[in-house]
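Student: start_38.txt is reproduced below (compact mmCIF, C-alpha atoms and all ligand atoms).
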# COMPACT_ATOMS: atom_id res chain seq x y z
CA MET T 1 -2.20 4.81 -9.23
CA ALA T 2 -0.25 3.21 -12.08
CA VAL T 3 -0.86 -0.27 -10.75
CA LEU T 4 -4.64 0.30 -10.60
CA GLU T 5 -4.56 1.47 -14.21
CA ASP T 6 -2.56 -1.67 -15.09
CA LEU T 7 -5.16 -3.78 -13.29
CA LYS T 8 -8.01 -2.13 -15.16
CA ASN T 9 -6.15 -2.69 -18.43
CA ALA T 10 -5.54 -6.36 -17.60
CA ILE T 11 -9.32 -6.79 -17.51
CA ILE T 12 -9.93 -4.75 -20.64
CA THR T 13 -7.26 -6.76 -22.48
CA TYR T 14 -8.55 -10.15 -21.17
CA LYS T 15 -5.59 -11.24 -19.03
CA PRO T 16 -6.71 -13.14 -15.89
CA ALA T 17 -3.15 -13.98 -14.76
CA LYS T 18 -2.13 -10.34 -15.05
CA ALA T 19 -5.27 -9.25 -13.16
CA LYS T 20 -4.25 -11.49 -10.27
CA GLU T 21 -0.67 -10.24 -10.42
CA TYR T 22 -1.65 -6.54 -10.40
CA THR T 23 -4.16 -7.07 -7.59
CA LEU T 24 -1.38 -8.59 -5.48
CA GLN T 25 0.96 -5.78 -6.50
CA ALA T 26 -1.60 -3.11 -5.57
CA LEU T 27 -1.95 -4.69 -2.12
CA ALA T 28 1.82 -4.81 -1.76
CA GLU T 29 1.96 -1.10 -2.66
CA GLY T 30 -0.47 -0.37 0.16
CA TYR T 31 -3.74 0.25 -1.66
CA GLU T 32 -6.86 -0.62 0.33
CA PRO T 33 -9.02 -3.48 -1.05
CA PRO T 34 -12.14 -1.28 -1.65
CA GLN T 35 -10.11 1.10 -3.83
CA ILE T 36 -8.55 -1.79 -5.78
CA LEU T 37 -12.06 -3.16 -6.25
CA SER T 38 -13.70 0.03 -7.45
CA GLU T 39 -10.93 1.63 -9.48
CA GLY T 40 -9.26 -1.51 -10.81
CA LEU T 41 -11.76 -4.35 -11.11
CA ILE T 42 -15.09 -2.52 -11.45
CA GLY T 43 -13.34 0.14 -13.55
CA GLY T 44 -12.24 -2.52 -16.03
CA MET T 45 -15.58 -4.29 -16.08
CA THR T 46 -17.38 -1.00 -16.72
CA VAL T 47 -15.35 -0.47 -19.89
CA ILE T 48 -16.11 -4.06 -20.95
CA GLY T 49 -19.82 -3.44 -20.30
CA ASP T 50 -19.82 -0.37 -22.52
CA LYS T 51 -18.05 -2.20 -25.34
CA PHE T 52 -20.50 -5.12 -25.07
CA LYS T 53 -23.43 -2.73 -25.20
CA ARG T 54 -22.07 -1.17 -28.40
CA ASN T 55 -21.48 -4.58 -30.00
CA GLN T 56 -17.76 -3.87 -30.15
CA ILE T 57 -17.09 -7.16 -28.33
CA TYR T 58 -19.12 -10.35 -27.87
CA VAL T 59 -19.89 -12.97 -25.21
CA PRO T 60 -16.57 -14.89 -25.41
CA GLU T 61 -14.58 -11.70 -24.75
CA VAL T 62 -16.91 -10.70 -21.90
CA LEU T 63 -16.42 -14.15 -20.36
CA ILE T 64 -12.63 -13.82 -20.35
CA ALA T 65 -12.89 -10.31 -18.88
CA ALA T 66 -15.22 -11.73 -16.20
CA LYS T 67 -12.63 -14.45 -15.52
CA ALA T 68 -9.97 -11.76 -15.12
CA THR T 69 -12.24 -9.85 -12.72
CA HIS T 70 -12.83 -12.98 -10.66
CA ALA T 71 -9.06 -13.64 -10.54
CA GLY T 72 -8.69 -10.28 -8.80
CA LEU T 73 -11.77 -10.81 -6.64
CA ASP T 74 -10.38 -14.14 -5.40
CA VAL T 75 -7.34 -12.30 -4.07
CA LEU T 76 -9.43 -9.57 -2.40
CA LYS T 77 -12.18 -11.79 -0.99
CA PRO T 78 -10.46 -12.91 2.23
CA LEU T 79 -9.44 -9.31 2.95
CA LEU T 80 -12.85 -7.80 2.25
CA SER T 81 -14.65 -10.43 4.24
CA GLU T 82 -12.42 -10.44 7.32
CA ARG T 83 -14.77 -10.42 10.27
CA LYS T 84 -13.51 -9.49 13.67
CA THR T 85 -16.71 -9.75 15.69
CA LYS T 86 -19.91 -11.75 15.92
CA PRO T 87 -22.01 -11.46 12.69
CA ILE T 88 -24.56 -8.63 12.70
CA GLY T 89 -26.93 -10.73 10.65
CA LYS T 90 -27.24 -13.65 8.25
CA VAL T 91 -27.92 -13.09 4.55
CA ILE T 92 -28.49 -15.55 1.74
CA VAL T 93 -27.77 -14.18 -1.72
CA GLY T 94 -28.39 -15.56 -5.18
CA THR T 95 -28.94 -14.54 -8.77
CA VAL T 96 -32.48 -15.35 -9.84
CA LYS T 97 -33.60 -18.17 -12.12
CA ASP T 98 -32.43 -18.07 -15.76
CA ASP T 99 -29.82 -15.43 -14.96
CA LEU T 100 -26.12 -16.31 -15.01
CA HIS T 101 -24.61 -12.92 -14.13
CA ASP T 102 -22.74 -13.15 -10.86
CA ILE T 103 -19.99 -10.53 -10.69
CA GLY T 104 -22.15 -7.83 -9.09
CA LYS T 105 -23.88 -10.30 -6.77
CA ASN T 106 -20.52 -11.65 -5.64
CA LEU T 107 -19.32 -8.11 -4.97
CA VAL T 108 -22.39 -7.46 -2.88
CA ALA T 109 -21.75 -10.72 -0.99
CA MET T 110 -18.16 -9.74 -0.29
CA MET T 111 -19.05 -6.23 0.85
CA LEU T 112 -21.73 -7.65 3.14
CA GLU T 113 -19.18 -10.03 4.65
CA GLY T 114 -16.79 -7.13 5.05
CA ALA T 115 -19.52 -5.22 6.89
CA GLY T 116 -19.94 -8.04 9.40
CA PHE T 117 -22.71 -10.20 7.92
CA GLU T 118 -22.56 -13.95 7.60
CA VAL T 119 -23.29 -14.63 3.92
CA ILE T 120 -24.50 -17.81 2.25
CA ASN T 121 -24.04 -17.48 -1.50
CA LEU T 122 -26.41 -19.70 -3.48
CA GLY T 123 -24.83 -18.88 -6.84
CA VAL T 124 -26.64 -18.20 -10.10
CA ASN T 125 -29.84 -19.44 -11.73
CA VAL T 126 -31.46 -19.91 -8.33
CA ASP T 127 -35.10 -20.87 -8.64
CA PRO T 128 -37.74 -19.97 -6.03
CA ASP T 129 -37.70 -23.49 -4.55
CA LYS T 130 -33.97 -23.26 -3.94
CA PHE T 131 -34.38 -19.89 -2.21
CA ILE T 132 -37.16 -21.39 -0.07
CA ALA T 133 -35.10 -24.47 0.82
CA ALA T 134 -32.21 -22.19 1.83
CA ILE T 135 -34.48 -20.04 4.01
CA LYS T 136 -35.63 -23.20 5.80
CA GLU T 137 -32.10 -24.52 6.16
CA TYR T 138 -30.22 -21.35 7.16
CA GLU T 139 -32.98 -19.20 8.75
CA PRO T 140 -31.41 -15.96 7.49
CA ASP T 141 -32.41 -12.43 8.48
CA ILE T 142 -32.30 -11.33 4.84
CA VAL T 143 -32.72 -12.92 1.43
CA GLY T 144 -30.85 -10.95 -1.24
CA MET T 145 -31.74 -11.46 -4.88
CA SER T 146 -29.93 -10.18 -7.93
CA SER T 147 -31.27 -9.82 -11.49
CA LEU T 148 -29.19 -8.46 -14.34
CA ILE T 149 -31.40 -8.87 -17.37
CA THR T 150 -34.84 -7.46 -17.96
CA SER T 151 -36.09 -10.90 -18.98
CA THR T 152 -35.33 -12.27 -15.48
CA LEU T 153 -36.70 -9.31 -13.50
CA HIS T 154 -40.03 -11.08 -13.03
CA TRP T 155 -38.28 -13.82 -11.04
CA LEU T 156 -37.69 -11.31 -8.25
CA GLU T 157 -41.42 -10.83 -7.91
CA ASP T 158 -42.21 -14.51 -8.49
CA THR T 159 -39.71 -15.57 -5.82
CA ILE T 160 -41.16 -13.13 -3.29
CA LYS T 161 -44.64 -14.51 -4.04
CA ALA T 162 -43.39 -18.09 -3.68
CA ILE T 163 -41.80 -17.25 -0.31
CA GLN T 164 -45.14 -15.72 0.73
CA GLU T 165 -47.12 -18.74 -0.45
CA VAL T 166 -45.15 -21.13 1.76
CA GLY T 167 -45.70 -18.86 4.75
CA LEU T 168 -42.09 -17.72 5.19
CA ARG T 169 -42.42 -14.09 4.09
CA ASP T 170 -42.77 -12.69 7.62
CA LYS T 171 -39.70 -14.65 8.74
CA VAL T 172 -37.25 -12.87 6.42
CA LYS T 173 -36.56 -9.46 4.95
CA VAL T 174 -36.09 -9.38 1.19
CA MET T 175 -33.54 -7.20 -0.54
CA VAL T 176 -33.20 -6.89 -4.31
CA GLY T 177 -30.75 -5.33 -6.74
CA GLY T 178 -29.05 -5.54 -10.11
CA ALA T 179 -28.67 -3.11 -13.00
CA PRO T 180 -32.28 -3.16 -14.32
CA VAL T 181 -33.81 -3.00 -10.82
CA THR T 182 -35.05 0.36 -9.56
CA GLU T 183 -36.09 1.38 -6.08
CA GLU T 184 -39.61 2.02 -7.36
CA TRP T 185 -39.83 -1.51 -8.81
CA ALA T 186 -38.42 -2.99 -5.63
CA LEU T 187 -41.18 -1.33 -3.59
CA GLN T 188 -43.81 -2.32 -6.13
CA ILE T 189 -42.97 -6.03 -5.89
CA GLY T 190 -42.98 -5.92 -2.09
CA ALA T 191 -39.24 -6.05 -1.33
CA ASP T 192 -38.10 -4.58 1.98
CA GLY T 193 -34.80 -3.22 0.72
CA TYR T 194 -32.97 -2.22 -2.45
CA GLY T 195 -29.35 -1.55 -3.31
CA LYS T 196 -28.25 0.42 -6.34
CA ASP T 197 -24.70 -0.82 -5.89
CA ALA T 198 -22.70 -2.89 -3.41
CA THR T 199 -22.22 0.00 -1.00
CA SER T 200 -25.90 0.90 -0.86
CA ALA T 201 -26.75 -2.81 -0.59
CA VAL T 202 -24.70 -2.91 2.62
CA GLU T 203 -26.48 0.22 3.92
CA ALA T 204 -29.87 -1.31 3.11
CA ALA T 205 -28.95 -4.60 4.80
CA ARG T 206 -27.73 -2.79 7.92
CA LYS T 207 -31.05 -0.93 8.09
CA LEU T 208 -32.98 -4.17 7.69
CA VAL T 209 -31.29 -5.75 10.70
CA GLY T 210 -31.52 -2.55 12.71
CA ALA T 211 -27.76 -1.97 12.67
CA ALA T 212 -27.78 1.34 10.76
CO1 LIG B 301 -24.64 -10.14 -20.00
N1 LIG B 301 -26.00 -8.75 -20.27
N2 LIG B 301 -25.76 -11.37 -21.00
N3 LIG B 301 -23.22 -11.37 -19.72
N4 LIG B 301 -23.67 -8.65 -19.32
C1 LIG B 301 -25.75 -7.44 -19.58
C2 LIG B 301 -26.39 -7.43 -18.20
C3 LIG B 301 -26.43 -6.42 -20.58
C4 LIG B 301 -26.90 -5.14 -19.90
C5 LIG B 301 -25.44 -6.12 -21.74
C6 LIG B 301 -26.08 -5.30 -22.83
O1 LIG B 301 -26.62 -5.82 -23.75
N5 LIG B 301 -26.06 -4.02 -22.77
C7 LIG B 301 -27.56 -7.30 -21.19
C8 LIG B 301 -28.92 -7.22 -20.52
C9 LIG B 301 -29.84 -6.33 -21.32
C10 LIG B 301 -31.21 -6.28 -20.73
O2 LIG B 301 -31.56 -6.92 -19.82
N6 LIG B 301 -32.01 -5.47 -21.29
C11 LIG B 301 -26.94 -8.68 -21.15
C12 LIG B 301 -27.34 -9.77 -21.95
C13 LIG B 301 -28.42 -9.45 -22.97
C14 LIG B 301 -26.80 -11.04 -21.83
C15 LIG B 301 -27.14 -12.29 -22.65
C16 LIG B 301 -28.63 -12.51 -22.95
C17 LIG B 301 -26.29 -12.19 -23.92
C18 LIG B 301 -26.48 -13.31 -24.91
O3 LIG B 301 -26.25 -14.43 -24.63
N7 LIG B 301 -26.92 -12.90 -26.06
C19 LIG B 301 -26.57 -13.42 -21.76
C20 LIG B 301 -27.59 -13.92 -20.73
C21 LIG B 301 -27.07 -15.09 -19.96
C22 LIG B 301 -27.98 -15.38 -18.80
O4 LIG B 301 -27.85 -14.79 -17.75
N8 LIG B 301 -28.92 -16.30 -18.98
C23 LIG B 301 -25.46 -12.69 -21.09
C24 LIG B 301 -24.29 -13.31 -20.68
C25 LIG B 301 -23.24 -12.67 -20.08
C26 LIG B 301 -21.93 -13.35 -19.76
C27 LIG B 301 -22.08 -14.80 -19.29
C28 LIG B 301 -21.07 -13.32 -21.01
C29 LIG B 301 -21.32 -12.35 -18.69
C30 LIG B 301 -21.62 -12.77 -17.24
C31 LIG B 301 -20.41 -13.37 -16.56
C32 LIG B 301 -20.61 -13.44 -15.06
O5 LIG B 301 -21.32 -12.68 -14.45
N9 LIG B 301 -19.94 -14.42 -14.50
C33 LIG B 301 -22.08 -11.07 -18.99
C34 LIG B 301 -21.67 -9.80 -18.54
C35 LIG B 301 -20.37 -9.73 -17.78
C36 LIG B 301 -22.44 -8.63 -18.78
C37 LIG B 301 -22.05 -7.16 -18.56
C38 LIG B 301 -21.08 -6.81 -19.70
C39 LIG B 301 -21.42 -6.81 -17.26
C40 LIG B 301 -22.21 -7.22 -16.00
C41 LIG B 301 -21.34 -6.98 -14.82
O6 LIG B 301 -20.68 -7.88 -14.33
N10 LIG B 301 -21.23 -5.72 -14.42
C42 LIG B 301 -23.45 -6.45 -18.67
C43 LIG B 301 -23.36 -5.06 -19.30
C44 LIG B 301 -23.26 -3.96 -18.26
O7 LIG B 301 -23.56 -4.13 -17.11
N11 LIG B 301 -22.90 -2.84 -18.73
C45 LIG B 301 -24.29 -7.47 -19.32
C46 LIG B 301 -20.31 -5.29 -13.34
C47 LIG B 301 -21.01 -5.46 -11.97
C48 LIG B 301 -20.05 -4.92 -10.90
O8 LIG B 301 -22.16 -4.65 -11.97
O9 LIG B 301 -23.70 -6.64 -12.13
O10 LIG B 301 -24.62 -4.28 -12.26
P1 LIG B 301 -23.63 -5.24 -11.71
O11 LIG B 301 -23.74 -5.25 -10.12
C49 LIG B 301 -23.81 -4.07 -9.35
C50 LIG B 301 -25.23 -3.54 -9.14
O12 LIG B 301 -26.15 -3.93 -10.13
C51 LIG B 301 -25.59 -3.97 -7.77
O13 LIG B 301 -24.34 -3.97 -7.08
C52 LIG B 301 -23.34 -4.48 -7.96
C53 LIG B 301 -22.00 -3.94 -7.56
O14 LIG B 301 -21.98 -2.53 -7.53
N12 LIG B 301 -26.21 -5.26 -7.52
C54 LIG B 301 -26.97 -5.45 -6.38
C55 LIG B 301 -26.15 -6.42 -8.16
N13 LIG B 301 -26.83 -7.36 -7.53
C56 LIG B 301 -27.33 -6.80 -6.40
C57 LIG B 301 -28.09 -7.34 -5.37
C58 LIG B 301 -28.47 -6.50 -4.32
C59 LIG B 301 -28.10 -5.16 -4.32
C60 LIG B 301 -27.34 -4.62 -5.33
O15 LIG B 301 -29.19 -6.91 -3.28
C61 LIG B 301 -29.41 -8.27 -3.10
Starting from the file, give its structure as structure tokens.
Tutor:
Amino acid sequence: MAVLEDLKNAIITYKPAKAKEYTLQALAEGYEPPQILSEGLIGGMTVIGDKFKRNQIYVPEVLIAAKATHAGLDVLKPLLSERKTKPIGKVIVGTVKDDLHDIGKNLVAMMLEGAGFEVINLGVNVDPDKFIAAIKEYEPDIVGMSSLITSTLHWLEDTIKAIQEVGLRDKVKVMVGGAPVTEEWALQIGADGYGKDATSAVEAARKLVGAA
């Protein structure tokens, strides 16, 4: 467990190179990628989140911690997304307009890939038109949207409405998530699925494609 503690500390102490090194070391010591992810990377980012909330650290520090988290994620990504069979469904994911948070959304994307989905990641600050263009281009089974700040929550609803207005709503299932999103809100805005975290996002997606 020492290496996972070192990994967590590399994030808390803003050291991207060390985060990469300890992720590789944890793999070499035989830890499974999901455990490295949850105990090392998410563990570190949770501490950073608490400090940010209490104004003990500010945006620049959070950005370096996020960079450290991504350094570890880059190592784990190919392992988490290894797919041995035909995809069980196609998902496009994106963080909604005006929202730049992508760590959680990227985790969800990786876990979905690991569960056998083909994932098209549209990135951050994705406006409704971009979601619509991607639905037309990729014809996914599911559109997954992430919102991390209360001020961007409305874009979840606005994007669903926009998809409806262009007549594509019955062609795709919509799944939403992100820290301020609740299941109740998801239902209220007409989403088909909701994930509290990456694991429940995978469960929800499997249900939506009838694979659960
Ligand atoms: Co910002 N930020 N941030 N931030 N940031 C929060 C979200 C905040 C809660 C911090 C706080 O004040 N307490 C707060 C929002 C408050 C609110 O809405 N009421 C906040 C704020 C205010 C802001 C700015 C406005 C700050 C400013 O500039 N003054 C600004 C906004 C920028 C913008 O988006 N336009 C801002 C900026 C940033 C950074 C750029 C510095 C950085 C983002 C870097 C990046 O993502 N590349 C950042 C970060 C890192 C955070 C915190 C510290 C951590 C977020 C995170 O990565 N968590 C966050 C505080 C916190 O969460 N405690 C905070 C770890 C991640 C694994 O969890 O993202 O929740 P999460 O994802 C989970 C679930 O939510 C779920 O599964 C994931 C994995 O388990 N999930 C889904 C996510 N998407 C899903 C989709 C699904 C299903 C499940 O289906 C499709």
Student: Neighbouring residues of Pro180 of chain T were defined as those with any atom within 12 Å, considering all atoms listed in the file; residues of the same chain fewer than 6 positions away were excluded. Please report them as a list of chain:residue names.
Tutor: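 Here the answer would be T:Ser146, T:Ser147, T:Leu148, T:Ile149, T:Thr150, T:Ser151, T:Thr152, T:Leu153, T:His154, T:Leu156, T:Ala186, T:Tyr194, T:Gly195, T:Lys196, T:Asp197.
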Student: In file coordinates, which residues lie within 10 Å of (-15.4, -8.6, -1.7) using all atoms listed in the file, given as a ChimeraX atom specification?
Tutor: /T:33-34,37,72-82,106-114,198
Student: For a test of reading the model, state the distance in Å between atom C23 of ligand LIG 301 (chain B) and atom CA of Glu203 of chain T, rounded to one decimal.
Tutor: 28.2 Å
Student: Within 12 Å of Lys67 of chain T, counting only C-alpha atoms, which residues qualify if same-chain residues fewer than 5 places away don't, as a PyMOL selection string?
Tutor: chain T and resi 10-20+41+44-45+60-62+72-74+102-103
Student: If you count only C-alpha atoms, which residues fall within 10 Å of segment 132-145 of chain T, apart from same-chain ones fewer than 4 positions away, as an mmCIF file with C-alpha atoms, in the frame of the given file?
Tutor:
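The resulting file, part.cif, is shown below:
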data_model
loop_
_atom_site.group_PDB
_atom_site.id
_atom_site.type_symbol
_atom_site.label_atom_id
_atom_site.label_comp_id
_atom_site.auth_asym_id
_atom_site.auth_seq_id
_atom_site.Cartn_x
_atom_site.Cartn_y
_atom_site.Cartn_z
ATOM 1 C CA ILE T 88 -24.560 -8.630 12.700
ATOM 2 C CA GLY T 89 -26.930 -10.730 10.650
ATOM 3 C CA LYS T 90 -27.240 -13.650 8.250
ATOM 4 C CA VAL T 91 -27.920 -13.090 4.550
ATOM 5 C CA ILE T 92 -28.490 -15.550 1.740
ATOM 6 C CA VAL T 93 -27.770 -14.180 -1.720
ATOM 7 C CA GLY T 94 -28.390 -15.560 -5.180
ATOM 8 C CA THR T 95 -28.940 -14.540 -8.770
ATOM 9 C CA VAL T 96 -32.480 -15.350 -9.840
ATOM 10 C CA LYS T 105 -23.880 -10.300 -6.770
ATOM 11 C CA VAL T 108 -22.390 -7.460 -2.880
ATOM 12 C CA ALA T 109 -21.750 -10.720 -0.990
ATOM 13 C CA PHE T 117 -22.710 -10.200 7.920
ATOM 14 C CA GLU T 118 -22.560 -13.950 7.600
ATOM 15 C CA VAL T 119 -23.290 -14.630 3.920
ATOM 16 C CA ILE T 120 -24.500 -17.810 2.250
ATOM 17 C CA ASN T 121 -24.040 -17.480 -1.500
ATOM 18 C CA LEU T 122 -26.410 -19.700 -3.480
ATOM 19 C CA VAL T 124 -26.640 -18.200 -10.100
ATOM 20 C CA VAL T 126 -31.460 -19.910 -8.330
ATOM 21 C CA ASP T 127 -35.100 -20.870 -8.640
ATOM 22 C CA PRO T 128 -37.740 -19.970 -6.030
ATOM 23 C CA TRP T 155 -38.280 -13.820 -11.040
ATOM 24 C CA LEU T 156 -37.690 -11.310 -8.250
ATOM 25 C CA THR T 159 -39.710 -15.570 -5.820
ATOM 26 C CA ILE T 160 -41.160 -13.130 -3.290
ATOM 27 C CA ALA T 162 -43.390 -18.090 -3.680
ATOM 28 C CA ILE T 163 -41.800 -17.250 -0.310
ATOM 29 C CA GLN T 164 -45.140 -15.720 0.730
ATOM 30 C CA VAL T 166 -45.150 -21.130 1.760
ATOM 31 C CA LEU T 168 -42.090 -17.720 5.190
ATOM 32 C CA ARG T 169 -42.420 -14.090 4.090
ATOM 33 C CA LYS T 171 -39.700 -14.650 8.740
ATOM 34 C CA VAL T 172 -37.250 -12.870 6.420
ATOM 35 C CA LYS T 173 -36.560 -9.460 4.950
ATOM 36 C CA VAL T 174 -36.090 -9.380 1.190
ATOM 37 C CA MET T 175 -33.540 -7.200 -0.540
ATOM 38 C CA VAL T 176 -33.200 -6.890 -4.310
ATOM 39 C CA GLY T 177 -30.750 -5.330 -6.740
ATOM 40 C CA GLY T 178 -29.050 -5.540 -10.110
ATOM 41 C CA ALA T 191 -39.240 -6.050 -1.330
ATOM 42 C CA ASP T 192 -38.100 -4.580 1.980
ATOM 43 C CA GLY T 193 -34.800 -3.220 0.720
ATOM 44 C CA TYR T 194 -32.970 -2.220 -2.450
ATOM 45 C CA GLY T 195 -29.350 -1.550 -3.310
ATOM 46 C CA ALA T 201 -26.750 -2.810 -0.590
ATOM 47 C CA ALA T 205 -28.950 -4.600 4.800
ATOM 48 C CA LEU T 208 -32.980 -4.170 7.690
ATOM 49 C CA VAL T 209 -31.290 -5.750 10.700
#
Student: Looking at all atoms listed in the file, which of T:Ala115, T:Val59, T:Ala65, T:Ala2 is the one that sits closest to ligand LIG 301 (chain B)?
Tutor: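 Smallest separation from ligand LIG 301 (chain B) among the options: T:Val59.
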Student: Counting all atoms listed in the file, which residues have an atom no more than 7 Å from (-7.3, 1.0, -13.9) in the file's coordinates? Please list them as a PDB file with C-alpha atoms, in the frame of the given file.
Tutor:
ATOM      1  CA  LEU T   4      -4.640   0.300 -10.600  1.00  0.00           C
ATOM      2  CA  GLU T   5      -4.560   1.470 -14.210  1.00  0.00           C
ATOM      3  CA  ASP T   6      -2.560  -1.670 -15.090  1.00  0.00           C
ATOM      4  CA  LEU T   7      -5.160  -3.780 -13.290  1.00  0.00           C
ATOM      5  CA  LYS T   8      -8.010  -2.130 -15.160  1.00  0.00           C
ATOM      6  CA  ASN T   9      -6.150  -2.690 -18.430  1.00  0.00           C
ATOM      7  CA  GLU T  39     -10.930   1.630  -9.480  1.00  0.00           C
ATOM      8  CA  GLY T  40      -9.260  -1.510 -10.810  1.00  0.00           C
ATOM      9  CA  GLY T  43     -13.340   0.140 -13.550  1.00  0.00           C
ATOM     10  CA  GLY T  44     -12.240  -2.520 -16.030  1.00  0.00           C
TER      11      GLY T  44
END
Student: Taking all atoms of ligand LIG 301 (chain B) that the file lists, what box with edges along x, y and z, padded by 3 Å per side, do you get, with centre and edge lengths in Å to one decimal, as AutoDock Vina command-line options?
Tutor:
--center_x -26.0 --center_y -9.4 --center_z -14.6 --size_x 18.1 --size_y 19.8 --size_z 29.0
Student: Just checking: using all atoms listed in the file, which residue out of T:Glu29, T:Glu21, T:Asp99, T:Asp158 ends up closest to ligand LIG 301 (chain B)?
Tutor: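 Smallest distance to ligand LIG 301 (chain B) is found for T:Asp99.
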Student: Report, in Å with one decimal, the straight-line distance from atom CA of Thr46 of chain T to atom C46 of ligand LIG 301 (chain B).
Tutor: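 Taking atom CA of Thr46 of chain T and atom C46 of ligand LIG 301 (chain B), their separation equals 6.2 Å.
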Student: Quick one: of T:Val47, T:Ala204, T:Ala211, T:Ala28, who's nearest to Ala66 of chain T, counting only C-alpha atoms?
Tutor: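 Ranked by minimum distance to Ala66 of chain T, first place goes to T:Val47.
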Student: Between atom CA of Gln35 of chain T and atom CA of Gly123 of chain T, what is the distance in Å, rounded to a tenth?
Tutor: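 Separation of atom CA of Gln35 of chain T and atom CA of Gly123 of chain T: 25.0 Å.
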Student: Using all atoms listed in the file, which of T:Phe131, T:Gln188, T:His101, T:Thr182 sits nearest ligand LIG 301 (chain B)?
Tutor: T:His101
Student: Please determine, counting all atoms listed in the file, which residue among T:Gly104, T:Gly210, T:Gly116, T:Gly190 has the shortest atom-to-atom distance to ligand LIG 301 (chain B).
Tutor: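 Of all the options, T:Gly104 lies closest to ligand LIG 301 (chain B).
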Student: Name the closest residue to ligand LIG 301 (chain B) among the candidates T:Leu63, T:Ala71, T:Leu187, T:Val202; distances are taken between atoms, counting all atoms listed in the file.
Tutor: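 Closest to ligand LIG 301 (chain B), using all atoms listed in the file: T:Leu63.
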